[in-house]
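Structure data (compact mmCIF, C-alpha atoms and all ligand atoms) from target21.txt:
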# COMPACT_ATOMS: atom_id res chain seq x y z
CA MET A 2 21.40 351.44 69.10
CA THR A 3 23.21 348.21 69.93
CA VAL A 4 24.20 347.52 66.34
CA GLN A 5 23.95 349.73 63.26
CA LEU A 6 24.76 348.94 59.64
CA LYS A 7 25.06 351.75 57.11
CA ASP A 8 25.19 350.97 53.41
CA VAL A 9 27.13 347.76 53.97
CA ARG A 10 28.43 346.07 50.83
CA LYS A 11 30.38 342.85 50.68
CA THR A 12 31.78 341.41 47.50
CA TYR A 13 33.81 338.27 47.00
CA GLY A 14 36.22 337.67 44.13
CA LYS A 15 37.33 339.97 41.32
CA GLY A 16 36.36 340.93 37.76
CA ASP A 17 33.88 338.64 36.05
CA ALA A 18 33.94 336.34 39.05
CA THR A 19 32.74 339.03 41.49
CA VAL A 20 29.88 337.95 43.71
CA ILE A 21 27.89 340.66 45.47
CA ALA A 22 26.88 339.07 48.77
CA LEU A 23 25.59 342.30 50.39
CA ASP A 24 24.43 345.14 48.19
CA GLY A 25 24.03 348.21 50.38
CA VAL A 26 22.35 347.08 53.60
CA SER A 27 21.29 349.65 56.21
CA THR A 28 19.46 348.73 59.38
CA ASP A 29 19.79 348.92 63.14
CA PHE A 30 19.09 346.77 66.17
CA ALA A 31 17.74 348.49 69.27
CA PRO A 32 18.73 347.35 72.77
CA GLY A 33 16.47 344.52 73.93
CA SER A 34 15.13 343.73 70.47
CA PHE A 35 14.89 340.28 68.90
CA THR A 36 15.24 340.21 65.12
CA ALA A 37 15.08 337.24 62.75
CA VAL A 38 16.87 337.40 59.41
CA MET A 39 15.37 335.29 56.64
CA GLY A 40 15.73 334.91 52.90
CA PRO A 41 16.43 332.37 50.18
CA SER A 42 19.66 330.38 50.07
CA GLY A 43 22.49 332.63 48.88
CA SER A 44 20.63 335.87 49.71
CA GLY A 45 23.43 336.97 52.05
CA LYS A 46 22.15 336.04 55.52
CA SER A 47 25.37 334.51 56.85
CA THR A 48 27.46 337.30 55.32
CA PHE A 49 25.14 339.83 56.97
CA LEU A 50 25.57 338.17 60.36
CA GLN A 51 29.36 337.87 59.99
CA CYS A 52 29.69 341.55 59.08
CA ALA A 53 27.30 342.73 61.80
CA ALA A 54 29.20 340.67 64.39
CA GLY A 55 32.65 341.89 63.35
CA LEU A 56 33.73 338.39 62.26
CA ASP A 57 34.17 339.68 58.71
CA ARG A 58 34.88 343.14 57.34
CA PRO A 59 32.52 344.72 54.79
CA THR A 60 33.96 345.83 51.45
CA SER A 61 32.40 349.25 52.12
CA GLY A 62 29.93 350.84 54.51
CA THR A 63 30.04 350.99 58.30
CA VAL A 64 29.08 348.73 61.17
CA THR A 65 28.89 350.09 64.72
CA VAL A 66 28.41 348.08 67.91
CA GLU A 67 27.35 350.18 70.90
CA GLY A 68 28.55 353.24 69.03
CA HIS A 69 32.00 351.83 68.19
CA ASP A 70 32.83 351.85 64.48
CA LEU A 71 34.25 348.38 63.79
CA GLY A 72 35.99 349.61 60.63
CA SER A 73 38.20 351.99 62.61
CA MET A 74 39.30 349.34 65.09
CA ASN A 75 42.52 347.37 64.89
CA VAL A 76 42.54 343.59 65.31
CA THR A 77 43.22 343.75 69.05
CA GLU A 78 40.39 346.21 69.70
CA LEU A 79 38.01 344.21 67.53
CA THR A 80 38.87 340.97 69.33
CA LYS A 81 38.28 342.62 72.71
CA LEU A 82 34.91 344.01 71.63
CA ARG A 83 33.85 340.64 70.20
CA ARG A 84 34.86 338.81 73.35
CA GLU A 85 33.22 341.17 75.79
CA ARG A 86 30.18 342.64 74.06
CA VAL A 87 29.16 340.04 71.48
CA GLY A 88 27.99 336.43 71.86
CA PHE A 89 27.64 333.80 69.13
CA VAL A 90 25.56 330.68 68.75
CA PHE A 91 26.01 328.42 65.73
CA GLN A 92 23.94 325.60 64.26
CA SER A 93 26.70 323.11 65.07
CA PHE A 94 27.06 324.12 68.78
CA ASN A 95 30.90 324.37 68.54
CA LEU A 96 31.56 323.11 72.06
CA LEU A 97 34.96 321.79 73.08
CA PRO A 98 34.51 318.02 73.56
CA ALA A 99 37.21 317.59 76.20
CA LEU A 100 35.72 320.22 78.52
CA THR A 101 32.76 319.85 80.87
CA VAL A 102 29.64 321.98 80.55
CA GLU A 103 30.93 324.28 83.26
CA GLN A 104 34.34 324.64 81.62
CA ASN A 105 32.79 325.31 78.20
CA VAL A 106 30.58 328.03 79.66
CA ALA A 107 33.56 329.58 81.49
CA LEU A 108 35.72 329.68 78.35
CA PRO A 109 34.78 333.17 77.04
CA LEU A 110 35.40 334.62 80.50
CA ARG A 111 38.83 333.04 80.56
CA PHE A 112 39.55 334.38 77.07
CA ALA A 113 38.50 337.82 78.29
CA GLY A 114 41.07 337.47 81.08
CA LYS A 115 38.42 337.30 83.80
CA ARG A 116 38.38 334.85 86.64
CA PRO A 117 35.09 333.00 86.30
CA ASP A 118 32.96 333.69 89.36
CA ARG A 119 31.50 330.37 90.57
CA ARG A 120 28.15 331.85 91.51
CA HIS A 121 27.79 333.65 88.20
CA LEU A 122 28.67 330.47 86.29
CA ALA A 123 26.20 328.44 88.33
CA ALA A 124 23.49 331.05 87.68
CA VAL A 125 24.11 331.02 83.93
CA ILE A 126 24.02 327.20 83.83
CA ASP A 127 20.88 327.20 85.94
CA ARG A 128 19.26 329.66 83.59
CA VAL A 129 19.52 327.12 80.75
CA GLY A 130 18.34 324.30 83.03
CA LEU A 131 21.55 322.27 83.09
CA THR A 132 22.60 322.41 86.73
CA ASP A 133 22.52 318.61 87.01
CA ARG A 134 24.70 318.31 83.89
CA ALA A 135 27.40 320.84 84.83
CA LYS A 136 30.12 318.17 85.14
CA HIS A 137 29.14 316.30 81.97
CA ARG A 138 30.95 316.53 78.65
CA PRO A 139 29.17 317.51 75.40
CA ALA A 140 29.09 313.91 74.07
CA GLN A 141 26.99 312.91 77.10
CA LEU A 142 24.32 315.47 76.22
CA SER A 143 21.48 315.60 73.71
CA GLY A 144 21.59 318.08 70.82
CA GLY A 145 19.19 320.43 72.56
CA GLN A 146 21.21 320.30 75.77
CA GLN A 147 24.39 321.04 73.80
CA GLN A 148 22.76 324.06 72.21
CA ARG A 149 21.65 325.24 75.65
CA VAL A 150 25.30 325.00 76.78
CA ALA A 151 26.26 327.08 73.73
CA ILE A 152 23.68 329.70 74.72
CA ALA A 153 24.92 329.74 78.31
CA ARG A 154 28.46 330.15 76.99
CA ALA A 155 27.38 333.00 74.71
CA LEU A 156 25.62 334.77 77.58
CA ALA A 157 28.36 334.21 80.19
CA THR A 158 30.12 337.49 79.46
CA ARG A 159 26.77 339.36 79.54
CA PRO A 160 27.17 340.53 75.94
CA ALA A 161 25.10 343.41 74.58
CA VAL A 162 24.19 341.37 71.53
CA LEU A 163 23.79 337.69 70.74
CA PHE A 164 24.16 336.61 67.11
CA ALA A 165 22.73 333.21 66.24
CA ASP A 166 23.18 331.49 62.87
CA GLU A 167 20.47 328.83 62.42
CA PRO A 168 20.56 327.95 66.14
CA THR A 169 17.66 325.51 65.80
CA GLY A 170 18.68 324.08 62.41
CA ALA A 171 19.90 320.79 63.88
CA LEU A 172 17.18 320.40 66.53
CA ASP A 173 13.78 318.72 66.65
CA THR A 174 10.69 320.89 67.09
CA HIS A 175 10.35 320.42 70.84
CA THR A 176 14.02 321.13 71.56
CA ALA A 177 14.01 324.06 69.16
CA THR A 178 11.14 325.58 71.16
CA GLU A 179 13.20 325.38 74.36
CA VAL A 180 16.21 327.04 72.74
CA LEU A 181 14.07 329.83 71.24
CA GLY A 182 12.43 330.36 74.62
CA LEU A 183 15.88 330.87 76.16
CA MET A 184 16.78 333.51 73.61
CA ARG A 185 13.44 335.24 74.17
CA GLN A 186 14.19 335.16 77.90
CA ALA A 187 17.60 336.80 77.36
CA VAL A 188 15.82 339.65 75.61
CA ARG A 189 13.04 339.97 78.18
CA GLU A 190 14.98 339.56 81.42
CA THR A 191 18.38 341.05 80.69
CA GLY A 192 17.61 343.38 77.81
CA GLN A 193 20.07 341.65 75.51
CA THR A 194 19.73 342.19 71.76
CA VAL A 195 19.31 339.06 69.65
CA VAL A 196 19.86 338.75 65.90
CA MET A 197 19.06 335.29 64.54
CA VAL A 198 19.35 333.87 61.03
CA THR A 199 16.77 331.17 60.40
CA HIS A 200 14.95 329.34 57.62
CA ASP A 201 12.09 328.39 59.89
CA PRO A 202 8.96 330.62 60.04
CA VAL A 203 8.09 329.21 63.48
CA ALA A 204 11.53 330.20 64.83
CA ALA A 205 11.14 333.64 63.21
CA SER A 206 7.81 334.11 64.99
CA TYR A 207 9.70 334.31 68.32
CA ALA A 208 11.28 337.57 67.12
CA ASP A 209 9.82 341.09 67.35
CA ARG A 210 10.74 341.78 63.75
CA VAL A 211 11.79 339.84 60.66
CA LEU A 212 14.14 341.20 58.01
CA PHE A 213 13.88 339.51 54.64
CA LEU A 214 17.03 339.49 52.54
CA ALA A 215 16.97 338.90 48.79
CA ASP A 216 19.98 339.29 46.48
CA GLY A 217 22.02 340.94 49.23
CA ARG A 218 19.41 343.61 50.02
CA ILE A 219 16.73 344.04 52.64
CA ALA A 220 13.69 343.32 50.50
CA ASP A 221 11.06 343.53 53.21
CA ALA A 222 10.50 343.69 56.97
CA MET A 223 7.70 342.51 59.23
CA ASP A 224 6.87 343.54 62.79
CA ALA A 225 5.16 341.22 65.28
CA PRO A 226 5.54 338.23 62.95
CA THR A 227 3.43 335.11 63.13
CA ALA A 228 4.62 331.83 61.59
CA GLU A 229 1.71 331.96 59.13
CA ARG A 230 2.45 335.49 57.92
CA VAL A 231 6.17 334.75 57.60
CA ALA A 232 5.55 331.53 55.68
CA GLU A 233 3.13 333.36 53.41
CA ARG A 234 5.63 336.18 52.76
CA MET A 235 8.33 333.66 51.84
CA THR A 236 6.16 332.30 49.02
CA ARG A 237 5.71 335.71 47.34
CA PRO A 238 8.28 337.42 45.06
CA TRP A 239 10.75 339.91 46.51
CA HIS A 240 10.11 342.78 44.11
CA THR A 241 8.89 345.16 46.78
CA PRO A 242 8.15 348.87 46.47
CA MET A 243 11.09 351.27 46.91
CA GLY A 244 11.70 352.20 50.51
CA ALA A 245 10.42 348.93 51.90
CA ALA A 246 13.70 348.34 53.70
CA ALA A 247 13.72 348.45 57.49
N1 LIG B 1 33.91 333.11 50.84
C1 LIG B 1 33.13 333.32 49.77
N2 LIG B 1 33.66 333.41 48.54
C2 LIG B 1 32.89 333.65 47.45
N3 LIG B 1 31.55 333.79 47.50
C3 LIG B 1 30.96 333.69 48.69
C4 LIG B 1 31.70 333.45 49.89
N4 LIG B 1 30.83 333.41 50.93
C5 LIG B 1 29.61 333.61 50.41
N5 LIG B 1 29.68 333.79 49.07
C6 LIG B 1 28.55 334.07 48.16
O1 LIG B 1 27.84 335.19 48.65
C7 LIG B 1 26.44 335.00 48.51
C8 LIG B 1 25.77 335.09 49.89
O2 LIG B 1 26.18 333.98 50.68
P1 LIG B 1 25.64 333.72 52.17
O3 LIG B 1 26.34 332.51 52.69
O4 LIG B 1 25.75 334.97 52.94
O5 LIG B 1 24.10 333.41 51.89
P2 LIG B 1 23.01 332.76 52.86
O6 LIG B 1 21.76 333.55 52.64
O7 LIG B 1 23.54 332.66 54.22
O8 LIG B 1 22.83 331.31 52.24
P3 LIG B 1 22.37 329.93 52.92
O9 LIG B 1 20.95 330.14 53.38
O10 LIG B 1 22.45 328.96 51.78
O11 LIG B 1 23.31 329.64 54.04
C9 LIG B 1 26.25 333.66 47.83
O12 LIG B 1 26.09 333.89 46.45
C10 LIG B 1 27.54 332.93 48.13
O13 LIG B 1 27.82 332.01 47.11

For the structure just supplied, provide its representation as structure tokens.
Amino acid sequence: MTVQLKDVRKTYGKGDATVIALDGVSTDFAPGSFTAVMGPSGSGKSTFLQCAAGLDRPTSGTVTVEGHDLGSMNVTELTKLRRERVGFVFQSFNLLPALTVEQNVALPLRFAGKRPDRRHLAAVIDRVGLTDRAKHRPAQLSGGQQQRVAIARALATRPAVLFADEPTGALDTHTATEVLGLMRQAVRETGQTVVMVTHDPVAASYADRVLFLADGRIADAMDAPTAERVAERMTRPWHTPMGAAA
């Protein structure tokens, strides 16, 4: 398994003010799988992603990435694993404005202490269709183009898993389709694992499986989702039979 979560709990605050963001989540993500994570606002989606990606530590439970238990790693080991095996894409792109497309894409390789190989960089930029924009800066690009740069940057180190938090949240429908197609392609062509938080049933339909979170638990799961079935599931209550978790 690329990523495994076992009984992951995450609480914030203390005493009466305690908020249970994740309430015992267990699931795994197979190599080359594309999973969408959905659920109402406050259900724990971002916390789930942060814990699964090693950006945040669970209060209890274990997270493993490619068999490595994140909880037993020190900060240096965790940083190395995140840099080399994990990619991130955020709703707000998070590109560095002073750097060109090419320099932004090369950044994770530089952080990982690797000399960016020109041909590899060119191939990654080509893959997201931005060869003619390689010398441009983010402000000279459309939102969709900026998100494509962010995807190229996330894939530059050839990570085992790509985590995306609302990657199409700031994009129009057409541009969102392009970005989702690129993530699908990463799964199909290079066997990368994608885990994507989204509110959009159409975006979720690009995944092989949807996990539905409610009150910090996996309340339901759906294989081979269609936008219609996902939208329909979102309108029903989350009181599902025991054992419905993925
Ligand atoms: N740093 C924090 N301190 C205290 N409570 C927090 C913190 N981060 C999240 N929470 C709480 O944990 C719960 C889950 O939050 P989370 O952001 O994971 O939900 P979400 O499903 O991603 O929501 P949204 O769809 O609105 O982004 C919420 O009740 C939230 O208020």

Selection as a short mmCIF file (atom, residue, chain, number, x, y, z; two decimals) with C-alpha atoms, in the frame of the given file: residues within 10 Å of ligand LIG 1 (chain B) by all atoms listed in the file:
data_model
loop_
_atom_site.label_atom_id
_atom_site.label_comp_id
_atom_site.auth_asym_id
_atom_site.auth_seq_id
_atom_site.Cartn_x
_atom_site.Cartn_y
_atom_site.Cartn_z
CA LYS A 11 30.38 342.85 50.68
CA THR A 12 31.78 341.41 47.50
CA TYR A 13 33.81 338.27 47.00
CA GLY A 14 36.22 337.67 44.13
CA LYS A 15 37.33 339.97 41.32
CA ALA A 18 33.94 336.34 39.05
CA THR A 19 32.74 339.03 41.49
CA VAL A 20 29.88 337.95 43.71
CA ILE A 21 27.89 340.66 45.47
CA ALA A 22 26.88 339.07 48.77
CA LEU A 23 25.59 342.30 50.39
CA VAL A 38 16.87 337.40 59.41
CA MET A 39 15.37 335.29 56.64
CA GLY A 40 15.73 334.91 52.90
CA PRO A 41 16.43 332.37 50.18
CA SER A 42 19.66 330.38 50.07
CA GLY A 43 22.49 332.63 48.88
CA SER A 44 20.63 335.87 49.71
CA GLY A 45 23.43 336.97 52.05
CA LYS A 46 22.15 336.04 55.52
CA SER A 47 25.37 334.51 56.85
CA THR A 48 27.46 337.30 55.32
CA PHE A 49 25.14 339.83 56.97
CA LEU A 50 25.57 338.17 60.36
CA GLN A 51 29.36 337.87 59.99
CA CYS A 52 29.69 341.55 59.08
CA ASP A 166 23.18 331.49 62.87
CA GLU A 167 20.47 328.83 62.42
CA VAL A 198 19.35 333.87 61.03
CA THR A 199 16.77 331.17 60.40
CA HIS A 200 14.95 329.34 57.62
CA LEU A 214 17.03 339.49 52.54
CA ALA A 215 16.97 338.90 48.79
CA ASP A 216 19.98 339.29 46.48
CA GLY A 217 22.02 340.94 49.23
#

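Around the coordinate (26.5, 352.5, 68.6), residues that reach within 12 Å when counting only C-alpha atoms are Met2, Thr3, Val4, Gln5, Leu6, Lys7, Asp29, Phe30, Ala31, Pro32, Ala53, Thr63, Val64, Thr65, Val66, Glu67, Gly68, His69, Asp70, Leu71, Arg86, Ala161 and Val162 of chain A.
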
Item checked: Pairwise distance for atom CA of Ser93 of chain A and atom CA of Pro139 of chain A, rounded to one decimal in Å -> 12.0 Å

Note to self: Is it possible to get the residues within 8 Å of (14.1, 339.8, 72.3) (coordinates as in the file, counting all atoms listed in the file) written as a PyMOL selection string?
What the structure shows: chain A and resi 33-36+184-189+192-195+208-209

Next item on the list: Counting only C-alpha atoms, figure out which residue out of A:Thr158, A:Ser61, A:Thr101, A:Gln148 gets nearest to Ala135 of chain A.
Entry: A:Thr101

Margin query: For a quick check of understanding, using all atoms listed in the file, which of A:Arg237, A:Arg218, A:Arg128, A:His121 has the smallest distance to Val150 of chain A?
Written below: A:Arg128

Margin query: As an exercise, work out the distance from atom CA of Ala205 of chain A to atom CA of Arg149 of chain A in Å and give it to one decimal place.
Written below: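 Straight-line distance from atom CA of Ala205 of chain A to atom CA of Arg149 of chain A works out to 18.3 Å.
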
Please supply segment 76-90 of chain A, rebuilt with N, CA and C atoms, as a tab-separated table (two decimals), in the frame of the given file.
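Saved file part04.tsv follows:
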chain	number	residue	atom	x	y	z
A	76	VAL	N	42.91	344.98	65.02
A	76	VAL	CA	42.54	343.59	65.31
A	76	VAL	C	42.38	343.35	66.82
A	77	THR	N	43.27	343.94	67.60
A	77	THR	CA	43.22	343.75	69.05
A	77	THR	C	41.94	344.33	69.64
A	78	GLU	N	41.60	345.55	69.20
A	78	GLU	CA	40.39	346.21	69.70
A	78	GLU	C	39.14	345.43	69.30
A	79	LEU	N	39.16	344.96	68.05
A	79	LEU	CA	38.01	344.21	67.53
A	79	LEU	C	37.82	342.90	68.30
A	80	THR	N	38.92	342.22	68.58
A	80	THR	CA	38.87	340.97	69.33
A	80	THR	C	38.31	341.21	70.73
A	81	LYS	N	38.75	342.29	71.35
A	81	LYS	CA	38.28	342.62	72.71
A	81	LYS	C	36.78	342.90	72.69
A	82	LEU	N	36.34	343.69	71.72
A	82	LEU	CA	34.91	344.01	71.63
A	82	LEU	C	34.09	342.74	71.40
A	83	ARG	N	34.57	341.89	70.49
A	83	ARG	CA	33.85	340.64	70.20
A	83	ARG	C	33.76	339.76	71.43
A	84	ARG	N	34.84	339.69	72.17
A	84	ARG	CA	34.86	338.81	73.35
A	84	ARG	C	33.96	339.32	74.46
A	85	GLU	N	33.91	340.63	74.62
A	85	GLU	CA	33.22	341.17	75.79
A	85	GLU	C	31.79	341.63	75.52
A	86	ARG	N	31.49	342.04	74.32
A	86	ARG	CA	30.18	342.64	74.06
A	86	ARG	C	29.31	341.84	73.12
A	87	VAL	N	29.89	340.79	72.49
A	87	VAL	CA	29.16	340.04	71.48
A	87	VAL	C	29.19	338.55	71.81
A	88	GLY	N	28.03	337.88	71.68
A	88	GLY	CA	27.99	336.43	71.86
A	88	GLY	C	27.56	335.77	70.55
A	89	PHE	N	27.99	334.53	70.35
A	89	PHE	CA	27.64	333.80	69.13
A	89	PHE	C	27.06	332.44	69.45
A	90	VAL	N	26.07	332.05	68.68
A	90	VAL	CA	25.56	330.68	68.75
A	90	VAL	C	25.45	330.18	67.31
